[in-house]
>>> print(open('my_file.csv').read())   # CSV, C-alpha atoms
chain,number,residue,atom,x,y,z
A,1,MET,CA,0.0,0.0,0.0
A,2,GLN,CA,1.3,3.4,-0.9
A,3,ILE,CA,0.1,6.9,0.0
A,4,ILE,CA,1.3,10.1,-1.7
A,5,LEU,CA,0.8,13.4,0.1
A,6,PRO,CA,1.5,17.1,-0.7
A,7,SER,CA,4.1,18.7,1.6
A,8,ILE,CA,1.6,20.7,3.6
A,9,LEU,CA,1.3,20.3,7.4
A,10,GLY,CA,-2.0,18.7,8.3
A,11,TYR,CA,-1.9,16.1,5.6
A,12,GLU,CA,0.3,13.8,7.7
A,13,VAL,CA,-2.9,13.0,9.6
A,14,VAL,CA,-4.4,11.5,6.5
A,15,ALA,CA,-1.4,9.2,6.1
A,16,ARG,CA,-1.6,8.4,9.9
A,17,ASP,CA,-5.3,7.3,9.6
A,18,ALA,CA,-4.6,5.2,6.5
A,19,VAL,CA,-1.7,3.4,8.1
A,20,ALA,CA,-3.5,3.0,11.5
A,21,SER,CA,-6.3,1.3,9.6
A,22,LEU,CA,-3.8,-1.1,8.0
A,23,ALA,CA,-2.0,-1.7,11.3
A,24,ARG,CA,-5.2,-2.6,13.1
A,25,ARG,CA,-6.0,-5.1,10.4
A,26,CYS,CA,-2.6,-6.8,10.6
A,27,GLY,CA,-2.5,-7.9,14.2
A,28,ILE,CA,-1.0,-4.9,16.0
A,29,SER,CA,-2.4,-4.2,19.4
A,30,PRO,CA,-4.5,-1.1,19.9
A,31,GLU,CA,-1.8,0.5,22.2
A,32,ARG,CA,0.8,-0.3,19.7
A,33,VAL,CA,-1.3,1.2,16.9
A,34,GLU,CA,-1.1,4.5,18.9
A,35,ASP,CA,2.7,4.2,18.7
A,36,VAL,CA,2.6,3.6,15.0
A,37,LYS,CA,0.4,6.7,14.6
A,38,THR,CA,2.7,8.9,16.6
A,39,ALA,CA,5.9,7.7,15.0
A,40,LEU,CA,4.4,8.0,11.5
A,41,CYS,CA,3.2,11.5,12.2
A,42,GLU,CA,6.7,12.6,13.3
A,43,ALA,CA,8.3,11.0,10.3
A,44,CYS,CA,5.9,12.6,7.9
A,45,THR,CA,6.2,16.0,9.6
A,46,ASN,CA,10.0,15.7,9.3
A,47,ALA,CA,9.7,14.8,5.6
A,48,ILE,CA,7.3,17.7,5.0
A,49,GLU,CA,9.2,20.4,6.9
A,50,HIS,CA,12.8,19.4,6.6
A,51,GLY,CA,13.0,17.0,3.7
A,52,ASN,CA,10.7,18.9,1.4
A,53,ARG,CA,11.0,22.3,3.1
A,54,SER,CA,7.2,22.6,3.0
A,55,ASP,CA,7.1,23.0,-0.8
A,56,PRO,CA,3.6,21.8,-1.7
A,57,GLN,CA,4.8,20.7,-5.1
A,58,ARG,CA,7.1,18.2,-3.5
A,59,LYS,CA,5.5,14.9,-2.4
A,60,VAL,CA,5.9,12.7,0.6
A,61,GLN,CA,5.4,9.1,-0.1
A,62,VAL,CA,4.5,6.5,2.5
A,63,LEU,CA,5.0,2.9,1.4
A,64,CYS,CA,3.7,0.1,3.7
A,65,THR,CA,4.5,-3.5,3.4
A,66,VAL,CA,3.3,-6.3,5.6
A,67,ASP,CA,5.1,-9.6,5.9
A,68,GLU,CA,4.7,-12.5,8.2
A,69,GLN,CA,6.5,-10.8,11.1
A,70,ARG,CA,6.5,-7.1,10.5
A,71,LEU,CA,4.7,-4.0,9.4
A,72,VAL,CA,7.3,-1.9,7.5
A,73,ILE,CA,6.6,1.8,6.8
A,74,ASP,CA,8.9,3.7,4.5
A,75,VAL,CA,8.5,7.5,4.5
A,76,TYR,CA,10.2,9.1,1.5
A,77,ASP,CA,10.8,12.8,0.9
A,78,GLU,CA,12.4,14.5,-2.1
A,79,GLY,CA,15.6,15.6,-0.4
A,80,GLY,CA,16.8,18.3,1.9
A,81,LEU,CA,17.9,18.1,5.5
A,82,LEU,CA,19.1,14.7,6.5
A,83,PRO,CA,17.7,13.5,9.8
A,84,MET,CA,20.3,12.1,12.3
A,85,LEU,CA,18.8,9.4,14.4
A,86,PRO,CA,19.8,9.3,18.1
A,87,HIS,CA,21.0,5.9,19.3
A,88,LYS,CA,18.9,3.7,21.5
A,89,PRO,CA,18.5,3.9,24.4
A,90,VAL,CA,17.3,7.4,24.2
A,91,GLN,CA,18.2,9.7,27.0
A,92,TRP,CA,15.2,11.8,27.8
A,93,THR,CA,16.1,15.4,28.7
A,94,LEU,CA,12.6,16.9,28.9
A,95,GLU,CA,13.2,19.3,31.7
A,96,GLN,CA,16.0,21.1,29.8
A,97,ARG,CA,13.8,21.8,26.8
A,98,ALA,CA,11.8,24.9,26.1
A,99,SER,CA,9.6,23.1,23.6
A,100,LEU,CA,9.0,19.7,22.2
A,101,ARG,CA,10.4,20.7,18.8
A,102,GLY,CA,13.3,18.4,17.9
A,103,MET,CA,11.9,15.6,20.0
A,104,GLY,CA,10.4,13.9,16.9
A,105,LEU,CA,13.4,11.7,16.1
A,106,MET,CA,13.8,10.7,19.7
A,107,LEU,CA,10.1,9.7,19.8
A,108,ILE,CA,10.5,7.7,16.6
A,109,VAL,CA,13.5,5.8,17.9
A,110,THR,CA,11.7,5.1,21.2
A,111,LEU,CA,8.4,4.0,19.7
A,112,THR,CA,9.5,1.8,16.8
A,113,ASP,CA,10.9,-1.8,17.0
A,114,GLU,CA,13.4,-0.9,14.3
A,115,VAL,CA,14.2,2.4,12.5
A,116,SER,CA,16.7,3.3,9.8
A,117,VAL,CA,17.4,6.1,7.4
A,118,VAL,CA,18.7,5.9,3.9
A,119,ALA,CA,19.6,9.1,2.1
A,120,ASP,CA,20.4,9.6,-1.6
A,121,PRO,CA,21.5,13.0,-2.7
A,122,ASP,CA,19.4,12.8,-5.8
A,123,ASP,CA,16.4,10.8,-4.7
A,124,GLY,CA,15.9,12.2,-1.2
A,125,THR,CA,15.6,10.5,2.1
A,126,CYS,CA,13.8,7.4,3.2
A,127,MET,CA,13.1,6.7,6.8
A,128,ARG,CA,12.0,3.1,7.6
A,129,LEU,CA,9.9,2.4,10.6
A,130,VAL,CA,9.4,-1.2,11.6
A,131,PHE,CA,6.8,-2.6,13.9
A,132,TYR,CA,6.6,-6.3,14.9
A,133,ARG,CA,3.2,-8.0,14.4
A,134,ASN,CA,1.7,-9.9,17.2
A,135,LEU,CA,0.2,-12.8,15.4
A,136,ALA,CA,-1.2,-14.5,18.5
A,137,GLU,CA,-3.4,-11.5,19.1
A,138,GLU,CA,-4.5,-11.4,15.6
A,139,SER,CA,-5.9,-14.9,15.7
A,140,VAL,CA,-7.7,-14.0,18.9
A,141,SER,CA,-9.2,-10.8,17.5
A,142,ALA,CA,-10.2,-12.6,14.3
A,143,SER,CA,-12.3,-15.2,16.1
B,1,MET,CA,-6.2,22.8,5.9
B,2,SER,CA,-8.6,24.9,3.9
B,3,ASP,CA,-6.5,28.1,3.7
B,4,VAL,CA,-3.7,26.6,1.7
B,5,GLU,CA,-5.8,25.0,-1.1
B,6,GLY,CA,-5.8,26.5,-4.5
B,7,ALA,CA,-8.6,26.2,-7.1
B,8,THR,CA,-7.2,22.9,-8.2
B,9,GLY,CA,-7.2,21.4,-4.8
B,10,GLN,CA,-4.7,19.3,-2.9
B,11,VAL,CA,-4.3,15.7,-4.0
B,12,ILE,CA,-3.7,12.6,-1.9
B,13,GLU,CA,-3.1,9.4,-3.7
B,14,LEU,CA,-3.6,5.9,-2.2
B,15,ARG,CA,-2.4,2.8,-4.1
B,16,LEU,CA,-3.8,-0.5,-2.8
B,17,PRO,CA,-3.2,-4.1,-3.7
B,18,SER,CA,-6.2,-5.8,-5.3
B,19,ARG,CA,-7.0,-7.9,-2.2
B,20,LEU,CA,-10.4,-7.8,-0.5
B,21,GLY,CA,-10.0,-6.0,2.9
B,22,TYR,CA,-8.0,-3.1,1.5
B,23,GLU,CA,-11.2,-1.4,0.6
B,24,ARG,CA,-11.6,-0.8,4.3
B,25,ILE,CA,-8.4,1.2,4.4
B,26,ALA,CA,-9.7,3.4,1.5
B,27,MET,CA,-12.9,3.9,3.5
B,28,ASP,CA,-11.2,4.8,6.7
B,29,THR,CA,-8.8,7.2,5.0
B,30,ALA,CA,-11.5,9.0,3.1
B,31,ALA,CA,-13.7,9.2,6.2
B,32,ALA,CA,-10.9,10.7,8.2
B,33,LEU,CA,-10.2,13.3,5.5
B,34,ALA,CA,-13.9,14.1,5.1
B,35,ARG,CA,-14.3,14.5,8.9
B,36,ARG,CA,-11.5,17.1,8.9
B,37,MET,CA,-13.1,18.9,6.0
B,38,GLY,CA,-16.2,19.3,8.1
B,39,PHE,CA,-18.6,16.9,6.5
B,40,ALA,CA,-21.6,15.8,8.5
B,41,ASP,CA,-21.6,12.3,9.9
B,42,GLU,CA,-24.3,10.9,7.6
B,43,ARG,CA,-22.4,12.3,4.6
B,44,ILE,CA,-19.3,10.5,5.8
B,45,ASP,CA,-21.2,7.3,6.2
B,46,ALA,CA,-22.5,7.7,2.6
B,47,LEU,CA,-19.0,8.4,1.4
B,48,ARG,CA,-17.7,5.3,3.2
B,49,THR,CA,-20.3,3.1,1.5
B,50,ALA,CA,-19.7,4.6,-1.9
B,51,ILE,CA,-15.9,4.2,-1.7
B,52,GLY,CA,-16.2,0.7,-0.3
B,53,GLU,CA,-18.4,-0.3,-3.3
B,54,ALA,CA,-16.1,1.5,-5.9
B,55,VAL,CA,-12.9,-0.1,-4.5
B,56,THR,CA,-14.5,-3.6,-4.1
B,57,ASN,CA,-15.6,-3.4,-7.7
B,58,ALA,CA,-12.1,-2.4,-8.8
B,59,ILE,CA,-10.6,-5.2,-6.8
B,60,GLU,CA,-13.0,-8.0,-7.8
B,61,HIS,CA,-14.1,-7.1,-11.3
B,62,GLY,CA,-11.6,-4.6,-12.8
B,63,ASN,CA,-8.5,-6.3,-11.5
B,64,GLN,CA,-10.0,-9.8,-11.0
B,65,ALA,CA,-8.6,-9.9,-7.5
B,66,ASP,CA,-5.0,-10.2,-8.8
B,67,ALA,CA,-3.1,-8.8,-5.8
B,68,ALA,CA,-0.2,-7.6,-8.0
B,69,MET,CA,-2.6,-5.2,-9.7
B,70,LYS,CA,-3.2,-1.9,-8.1
B,71,VAL,CA,-6.3,0.1,-7.3
B,72,VAL,CA,-5.5,3.8,-7.2
B,73,VAL,CA,-7.7,6.1,-5.1
B,74,VAL,CA,-7.1,9.8,-5.7
B,75,LEU,CA,-8.7,12.2,-3.1
B,76,THR,CA,-8.8,15.8,-4.2
B,77,VAL,CA,-9.6,18.3,-1.5
B,78,ARG,CA,-11.2,21.5,-2.5
B,79,PRO,CA,-12.7,24.2,-0.2
B,80,ASP,CA,-16.3,23.2,-1.1
B,81,GLU,CA,-16.0,19.6,-2.2
B,82,LEU,CA,-14.2,16.3,-2.1
B,83,ILE,CA,-13.5,14.5,-5.3
B,84,ILE,CA,-12.8,10.8,-5.2
B,85,SER,CA,-11.5,8.9,-8.2
B,86,VAL,CA,-11.0,5.1,-8.1
B,87,SER,CA,-9.3,3.4,-10.9
B,88,ASP,CA,-8.2,-0.2,-11.6
B,89,GLN,CA,-5.9,-1.7,-14.2
B,90,GLY,CA,-8.7,-3.0,-16.3
B,91,ARG,CA,-8.2,-6.7,-16.5
B,92,ARG,CA,-11.9,-6.7,-17.2
B,93,ALA,CA,-13.6,-3.6,-18.7
B,94,LEU,CA,-16.8,-2.4,-17.3
B,95,GLU,CA,-19.5,-2.0,-19.9
B,96,LEU,CA,-20.9,1.4,-19.8
B,97,GLU,CA,-24.5,0.1,-20.1
B,98,GLN,CA,-23.9,-1.6,-16.8
B,99,THR,CA,-23.4,1.7,-15.1
B,100,LYS,CA,-26.8,3.1,-16.1
B,101,THR,CA,-29.3,0.6,-15.1
B,102,ARG,CA,-31.1,0.1,-11.8
B,103,PRO,CA,-30.9,-3.4,-10.4
B,104,HIS,CA,-34.2,-5.3,-10.4
B,105,ILE,CA,-35.1,-6.3,-6.8
B,106,ALA,CA,-36.3,-9.7,-7.9
B,107,ASP,CA,-33.0,-10.4,-9.8
B,108,ALA,CA,-30.9,-9.1,-6.9
B,109,PHE,CA,-32.6,-11.5,-4.5
B,110,GLN,CA,-31.7,-14.4,-6.8
B,111,ARG,CA,-28.0,-13.6,-6.7
B,112,ALA,CA,-26.2,-15.7,-4.2
B,113,ASP,CA,-23.5,-13.0,-3.7
B,114,LYS,CA,-26.0,-10.2,-2.9
B,115,GLY,CA,-24.1,-8.2,-5.4
B,116,GLY,CA,-25.3,-5.9,-8.2
B,117,TRP,CA,-26.1,-2.9,-6.1
B,118,GLY,CA,-22.8,-1.1,-6.0
B,119,ILE,CA,-23.1,1.3,-8.9
B,120,TRP,CA,-26.7,2.1,-8.1
B,121,LEU,CA,-25.7,2.8,-4.5
B,122,MET,CA,-22.8,5.1,-5.6
B,123,ARG,CA,-25.2,7.1,-7.7
B,124,GLU,CA,-27.7,7.4,-4.9
B,125,LEU,CA,-25.2,8.4,-2.3
B,126,MET,CA,-22.8,10.8,-4.1
B,127,ASP,CA,-23.6,14.2,-5.7
B,128,GLU,CA,-21.9,13.4,-9.0
B,129,VAL,CA,-20.8,10.0,-10.4
B,130,GLU,CA,-19.1,9.5,-13.7
B,131,PHE,CA,-17.6,6.4,-15.3
B,132,THR,CA,-14.7,6.8,-17.6
B,133,LEU,CA,-11.5,5.1,-18.8
B,134,ALA,CA,-8.5,5.5,-16.6
B,135,PRO,CA,-5.4,7.0,-18.2
B,136,GLY,CA,-3.7,3.6,-18.1
B,137,GLY,CA,-6.6,2.0,-19.8
B,138,GLY,CA,-8.5,0.6,-16.8
B,139,ASN,CA,-11.9,1.5,-15.4
B,140,GLN,CA,-12.3,4.7,-13.5
B,141,VAL,CA,-15.1,6.1,-11.4
B,142,ARG,CA,-15.1,9.7,-10.3
B,143,MET,CA,-17.4,10.7,-7.5
B,144,VAL,CA,-18.0,14.2,-6.0
B,145,VAL,CA,-19.5,15.1,-2.7
B,146,HIS,CA,-20.3,18.8,-2.0
B,147,LEU,CA,-19.5,20.2,1.4
B,148,GLU,CA,-22.6,21.8,2.9
B,149,ARG,CA,-21.6,23.6,6.0
B,150,SER,CA,-24.4,23.9,8.5
B,151,PRO,CA,-24.8,27.4,10.0
B,152,VAL,CA,-22.8,27.8,13.3
B,153,GLY,CA,-25.0,26.8,16.3
B,154,ASP,CA,-27.5,25.1,14.1
B,155,GLN,CA,-28.7,21.8,15.6
>>> encode(input="my_file.csv", output="structure tokens")
Amino acid sequence: MQIILPSILGYEVVARDAVASLARRCGISPERVEDVKTALCEACTNAIEHGNRSDPQRKVQVLCTVDEQRLVIDVYDEGGLLPMLPHKPVQWTLEQRASLRGMGLMLIVTLTDEVSVVADPDDGTCMRLVFYRNLAEESVSAS
Amino acid sequence: MSDVEGATGQVIELRLPSRLGYERIAMDTAAALARRMGFADERIDALRTAIGEAVTNAIEHGNQADAAMKVVVVLTVRPDELIISVSDQGRRALELEQTKTRPHIADAFQRADKGGWGIWLMRELMDEVEFTLAPGGGNQVRMVVHLERSPVGDQ
């Protein structure tokens, strides 16, 4: 499944709702779906603001693949600032911060099971968010 | 969202595999978008049903449930309307005659799959419905719902 969005803040919630709908249907628990939504919103917001510099002509592409173990979400932008992922475990330094800006990448690292970034100077940046499926819960919810 | 849209509208594209179940994702996505645009609940329900029928048709008939073939849903947001276009890759073409007739109740009851109502439903539920050929040669249905804002404070 693929979603293509304009680089306008606000549209990330459309991608979030589409991916949440997919996540619920592939055996990810309701609490974990909330993590998927938060991480995806952060990744899309990054792609819109930093990757595409909020140029509405540039697109953000969200590509979801579901295999037996995982839900893999790739968020592509068309280039720009390269996000630098903090290493796990993340050190939370909330009290030192004036705002939550800049916390997005830390949130993503904390909430995902796996995360990686691939950057190509010509094609832009792709951030991959991976969530493990809980197949035992899926069989329960399907009955 | 509405202050940044030009006359042409902003476009969100959703590409789905032709596997039953994915129509639900199109329904949820469009409903979430429509809610943010300010559509009333009953219009959102109508929209969900119409998109569900259009995507199911595209999966089952147009693409013959071949999961490798894509169904493309394009949502165009304008200040006063939402345009939904659903296209398949046309493994089987829809005959235009089929898009015009009303199903006969007696015939519909005879059908084991309870099918045959989709296109009629779409026409009943949406403000505009048009069947054309997709740019890639498949079937395409374009549906429009107008946004009627109720006056503030109106119950």
>>> atom_distance(input="my_file.csv", atom1="atom CA of A:Leu22", atom2="atom CA of A:Cys44")
16.8 Å
>>> axis_aligned_box(input="my_file.csv", around="stretch 127-134 of chain A", padding_each_side="3 Å", output="lines of an AutoDock Vina configuration file")
center_x = 7.4
center_y = -1.6
center_z = 12.0
size_x = 17.4
size_y = 22.6
size_z = 16.4
>>> closest_residue(input="my_file.csv", among="B:Val141, B:Leu47, B:Leu133, B:Ala34", to="chain A", atoms="only C-alpha atoms")
B:Ala34
>>> closest_residue(input="my_file.csv", among="B:Ile44, B:Val86, B:Leu75, B:Leu33", to="B:Ile59", atoms="only C-alpha atoms")
B:Val86
>>> atom_distance(input="my_file.csv", atom1="atom CA of B:Glu128", atom2="atom CA of B:Arg24")
22.0 Å
>>> decode(input="my_file.csv", residues="stretch 53-65 of chain B", atoms="all heavy atoms", output="short mmCIF file (atom, residue, chain, number, x, y, z; two decimals), in the first residue's frame")
data_model
loop_
_atom_site.label_atom_id
_atom_site.label_comp_id
_atom_site.auth_asym_id
_atom_site.auth_seq_id
_atom_site.Cartn_x
_atom_site.Cartn_y
_atom_site.Cartn_z
N GLU B 53 -17.82 0.40 -2.14
CA GLU B 53 -18.36 -0.26 -3.33
C GLU B 53 -17.42 -0.07 -4.53
O GLU B 53 -17.17 -1.00 -5.29
CB GLU B 53 -19.74 0.31 -3.68
CG GLU B 53 -20.83 -0.07 -2.69
CD GLU B 53 -21.10 -1.56 -2.65
OE1 GLU B 53 -20.85 -2.24 -3.67
OE2 GLU B 53 -21.55 -2.05 -1.60
N ALA B 54 -16.93 1.17 -4.70
CA ALA B 54 -16.08 1.46 -5.86
C ALA B 54 -14.78 0.65 -5.80
O ALA B 54 -14.33 0.08 -6.80
CB ALA B 54 -15.77 2.95 -5.93
N VAL B 55 -14.17 0.59 -4.60
CA VAL B 55 -12.89 -0.12 -4.48
C VAL B 55 -13.11 -1.63 -4.59
O VAL B 55 -12.33 -2.34 -5.23
CB VAL B 55 -12.16 0.28 -3.18
CG1 VAL B 55 -10.89 -0.54 -2.99
CG2 VAL B 55 -11.81 1.76 -3.19
N THR B 56 -14.20 -2.12 -4.00
CA THR B 56 -14.50 -3.55 -4.11
C THR B 56 -14.72 -3.94 -5.57
O THR B 56 -14.22 -4.97 -6.03
CB THR B 56 -15.75 -3.89 -3.27
OG1 THR B 56 -15.55 -3.42 -1.94
CG2 THR B 56 -16.00 -5.38 -3.22
N ASN B 57 -15.46 -3.12 -6.30
CA ASN B 57 -15.64 -3.36 -7.74
C ASN B 57 -14.31 -3.42 -8.46
O ASN B 57 -14.08 -4.29 -9.30
CB ASN B 57 -16.45 -2.22 -8.37
CG ASN B 57 -17.94 -2.46 -8.32
OD1 ASN B 57 -18.38 -3.56 -8.00
ND2 ASN B 57 -18.70 -1.42 -8.60
N ALA B 58 -13.43 -2.45 -8.14
CA ALA B 58 -12.14 -2.37 -8.82
C ALA B 58 -11.30 -3.62 -8.51
O ALA B 58 -10.65 -4.18 -9.39
CB ALA B 58 -11.39 -1.11 -8.38
N ILE B 59 -11.34 -4.06 -7.25
CA ILE B 59 -10.57 -5.24 -6.85
C ILE B 59 -11.13 -6.49 -7.53
O ILE B 59 -10.41 -7.23 -8.20
CB ILE B 59 -10.60 -5.43 -5.31
CG1 ILE B 59 -9.84 -4.30 -4.61
CG2 ILE B 59 -10.05 -6.80 -4.91
CD1 ILE B 59 -9.98 -4.30 -3.08
N GLU B 60 -12.44 -6.70 -7.37
CA GLU B 60 -13.03 -7.98 -7.79
C GLU B 60 -13.23 -8.06 -9.29
O GLU B 60 -12.97 -9.09 -9.90
CB GLU B 60 -14.37 -8.18 -7.11
CG GLU B 60 -14.25 -8.48 -5.62
CD GLU B 60 -15.57 -8.95 -5.03
OE1 GLU B 60 -16.59 -8.28 -5.29
OE2 GLU B 60 -15.56 -9.97 -4.33
N HIS B 61 -13.76 -6.99 -9.87
CA HIS B 61 -14.09 -7.05 -11.30
C HIS B 61 -12.95 -6.52 -12.15
O HIS B 61 -12.39 -7.25 -12.95
CB HIS B 61 -15.38 -6.27 -11.57
CG HIS B 61 -16.53 -6.80 -10.78
ND1 HIS B 61 -16.96 -8.10 -10.88
CD2 HIS B 61 -17.31 -6.22 -9.84
CE1 HIS B 61 -17.98 -8.30 -10.04
NE2 HIS B 61 -18.20 -7.16 -9.39
N GLY B 62 -12.61 -5.24 -11.95
CA GLY B 62 -11.61 -4.61 -12.81
C GLY B 62 -10.28 -5.37 -12.79
O GLY B 62 -9.70 -5.65 -13.84
N ASN B 63 -9.80 -5.67 -11.60
CA ASN B 63 -8.48 -6.32 -11.49
C ASN B 63 -8.58 -7.81 -11.23
O ASN B 63 -7.57 -8.49 -11.03
CB ASN B 63 -7.66 -5.66 -10.38
CG ASN B 63 -7.19 -4.27 -10.77
OD1 ASN B 63 -7.21 -3.92 -11.94
ND2 ASN B 63 -6.75 -3.49 -9.79
N GLN B 64 -9.80 -8.34 -11.22
CA GLN B 64 -10.01 -9.78 -11.05
C GLN B 64 -9.26 -10.33 -9.84
O GLN B 64 -8.71 -11.43 -9.88
CB GLN B 64 -9.61 -10.53 -12.34
CG GLN B 64 -10.41 -10.09 -13.57
CD GLN B 64 -11.77 -10.78 -13.62
OE1 GLN B 64 -11.86 -11.97 -13.82
NE2 GLN B 64 -12.83 -10.00 -13.40
N ALA B 65 -9.19 -9.55 -8.78
CA ALA B 65 -8.58 -9.94 -7.51
C ALA B 65 -7.13 -10.41 -7.64
O ALA B 65 -6.63 -11.19 -6.84
CB ALA B 65 -9.42 -10.99 -6.78
#
